[in-house]
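Undergrad: Let me begin by handing over the structure; questions about it come next.
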Amino acid sequence: MKNTLVVLFAFCCTVVMAHPKMQFDPEAFKQKFHEFLIEEASLTPEEQKVFFPLFDECKEKERALYGEQRKAAWHPRTDEDCIKAINAYDNIGLKLKKLQQTYHKKYLKVLPPQKVWKIIRAEDKFRQKMIKNMSKHRRR
């Protein structure tokens with residue numbers, strides 16, 4: 001019985017150690033995101049050259065703001081601290097929307113309005129797809 005438990009434990013350890021951990025690869029994610037947008041908005045190679053530098057610049061700035069928003073979501077203990085946290089969180093949310101609006105206007109200068117709209121919708125669609133995929137991986 002003891003030998004069986006040892007063998008079973010060793011087997012379980014081997015399986016757990018052999019299972020590759022999912023690691024986030026920012027470049028692979030960026031590539032998949034770009035490919036998805038290209039397909040959804042039917043971007044030509046010329047449009048891609050002018051659009052993606054703007055898009056990537058916007059995403060970098062968004063990431064910085066999301067980082068600020070996470071910091072603002074600390075665990076306040078008093079009502080006064082809660083009010084400060086709520087205001088900080090909301091103000092950063094407004095900055096995010098303003099940033100998106102600014103970049104949407106920039107996109108309209110380099111792409112037709114229909115393609116900009118398709119990109120905006122495709123971003124939401126991509127996020128939903130990623131969330132769905134992540135939830136599948138967590139169930140395993």
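In the structure tokens, the first chain shown is A, the next is B, and so on; residue numbers restart at 1 for each chain, and ligands run from 1 in the order shown.
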Quick one: DSSP helix (DSSP H, G or I) residues in region 22-117 of chain A, as a count of residues only?
TA: 81
Undergrad: Which residues are near region 88-91 of chain A? Cut-off 10 Å, only C-alpha atoms, ignore same chain within fewer than 3 positions. Put them as a list in words.
TA: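 Listing them by chain and then by number gives Tyr66, Glu68, Gln69, Arg70, Lys71, Ala72, Ala73, Cys82, Ile83, Lys84, Ala85, Leu94, Lys95, Leu96 and Lys97 of chain A.
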Undergrad: Could you save the residues just selected, with N, CA, C and O atoms, as a PDB file, in the first residue's frame?
TA:
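The result, written out as selection.pdb:
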```pdb
ATOM      1  N   TYR A  66      -4.105  52.005 -17.210  1.00  0.00           N
ATOM      2  CA  TYR A  66      -4.647  50.841 -16.503  1.00  0.00           C
ATOM      3  C   TYR A  66      -3.792  50.516 -15.280  1.00  0.00           C
ATOM      4  O   TYR A  66      -4.317  50.122 -14.232  1.00  0.00           O
ATOM      5  N   GLU A  68      -2.146  52.733 -13.501  1.00  0.00           N
ATOM      6  CA  GLU A  68      -2.536  53.742 -12.503  1.00  0.00           C
ATOM      7  C   GLU A  68      -3.865  53.355 -11.852  1.00  0.00           C
ATOM      8  O   GLU A  68      -4.048  53.518 -10.641  1.00  0.00           O
ATOM      9  N   GLN A  69      -4.779  52.843 -12.672  1.00  0.00           N
ATOM     10  CA  GLN A  69      -6.097  52.479 -12.156  1.00  0.00           C
ATOM     11  C   GLN A  69      -5.985  51.316 -11.168  1.00  0.00           C
ATOM     12  O   GLN A  69      -6.666  51.301 -10.146  1.00  0.00           O
ATOM     13  N   ARG A  70      -5.108  50.361 -11.461  1.00  0.00           N
ATOM     14  CA  ARG A  70      -4.903  49.247 -10.520  1.00  0.00           C
ATOM     15  C   ARG A  70      -4.345  49.759  -9.196  1.00  0.00           C
ATOM     16  O   ARG A  70      -4.732  49.306  -8.129  1.00  0.00           O
ATOM     17  N   LYS A  71      -3.421  50.720  -9.279  1.00  0.00           N
ATOM     18  CA  LYS A  71      -2.856  51.296  -8.051  1.00  0.00           C
ATOM     19  C   LYS A  71      -3.926  52.045  -7.260  1.00  0.00           C
ATOM     20  O   LYS A  71      -3.890  52.056  -6.034  1.00  0.00           O
ATOM     21  N   ALA A  72      -4.861  52.658  -7.975  1.00  0.00           N
ATOM     22  CA  ALA A  72      -5.931  53.402  -7.306  1.00  0.00           C
ATOM     23  C   ALA A  72      -6.930  52.460  -6.640  1.00  0.00           C
ATOM     24  O   ALA A  72      -7.710  52.880  -5.793  1.00  0.00           O
ATOM     25  N   ALA A  73      -6.892  51.196  -7.010  1.00  0.00           N
ATOM     26  CA  ALA A  73      -7.841  50.227  -6.463  1.00  0.00           C
ATOM     27  C   ALA A  73      -7.290  49.543  -5.212  1.00  0.00           C
ATOM     28  O   ALA A  73      -7.570  48.395  -4.961  1.00  0.00           O
ATOM     29  N   CYS A  82     -12.072  55.656   0.914  1.00  0.00           N
ATOM     30  CA  CYS A  82     -12.917  55.086  -0.143  1.00  0.00           C
ATOM     31  C   CYS A  82     -13.296  56.154  -1.167  1.00  0.00           C
ATOM     32  O   CYS A  82     -13.257  55.906  -2.375  1.00  0.00           O
ATOM     33  N   ILE A  83     -13.650  57.326  -0.670  1.00  0.00           N
ATOM     34  CA  ILE A  83     -14.016  58.428  -1.566  1.00  0.00           C
ATOM     35  C   ILE A  83     -12.824  58.806  -2.440  1.00  0.00           C
ATOM     36  O   ILE A  83     -12.963  58.996  -3.652  1.00  0.00           O
ATOM     37  N   LYS A  84     -11.638  58.878  -1.850  1.00  0.00           N
ATOM     38  CA  LYS A  84     -10.419  59.193  -2.625  1.00  0.00           C
ATOM     39  C   LYS A  84     -10.163  58.124  -3.683  1.00  0.00           C
ATOM     40  O   LYS A  84      -9.834  58.441  -4.832  1.00  0.00           O
ATOM     41  N   ALA A  85     -10.315  56.867  -3.298  1.00  0.00           N
ATOM     42  CA  ALA A  85     -10.078  55.767  -4.239  1.00  0.00           C
ATOM     43  C   ALA A  85     -11.083  55.792  -5.392  1.00  0.00           C
ATOM     44  O   ALA A  85     -10.714  55.608  -6.550  1.00  0.00           O
ATOM     45  N   LEU A  94     -11.930  58.343 -16.905  1.00  0.00           N
ATOM     46  CA  LEU A  94     -12.208  59.458 -17.820  1.00  0.00           C
ATOM     47  C   LEU A  94     -11.008  59.752 -18.717  1.00  0.00           C
ATOM     48  O   LEU A  94     -11.167  60.025 -19.909  1.00  0.00           O
ATOM     49  N   LYS A  95      -9.804  59.671 -18.141  1.00  0.00           N
ATOM     50  CA  LYS A  95      -8.587  59.863 -18.951  1.00  0.00           C
ATOM     51  C   LYS A  95      -8.495  58.800 -20.044  1.00  0.00           C
ATOM     52  O   LYS A  95      -8.105  59.093 -21.170  1.00  0.00           O
ATOM     53  N   LEU A  96      -8.862  57.570 -19.699  1.00  0.00           N
ATOM     54  CA  LEU A  96      -8.843  56.495 -20.689  1.00  0.00           C
ATOM     55  C   LEU A  96      -9.790  56.787 -21.843  1.00  0.00           C
ATOM     56  O   LEU A  96      -9.430  56.631 -23.007  1.00  0.00           O
ATOM     57  N   LYS A  97     -10.992  57.211 -21.521  1.00  0.00           N
ATOM     58  CA  LYS A  97     -11.973  57.518 -22.566  1.00  0.00           C
ATOM     59  C   LYS A  97     -11.506  58.691 -23.434  1.00  0.00           C
ATOM     60  O   LYS A  97     -11.662  58.683 -24.652  1.00  0.00           O
TER      61      LYS A  97
END
```
Undergrad: Which distance in Å separates CA of Ser135 (chain A) and CA of Lys59 (chain A), to one decimal?
TA: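 Taking CA of Ser135 (chain A) as the start and CA of Lys59 (chain A) as the end point, the length is 23.4 Å.
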Undergrad: Could you pull the residues within 7 Å of region 38-52 of chain A, counting only C-alpha atoms, minus those fewer than 3 positions along the same chain, as a PyMOL selection string?
TA: chain A and resi 34-35+55-56+107+110-111+115+118-119+122
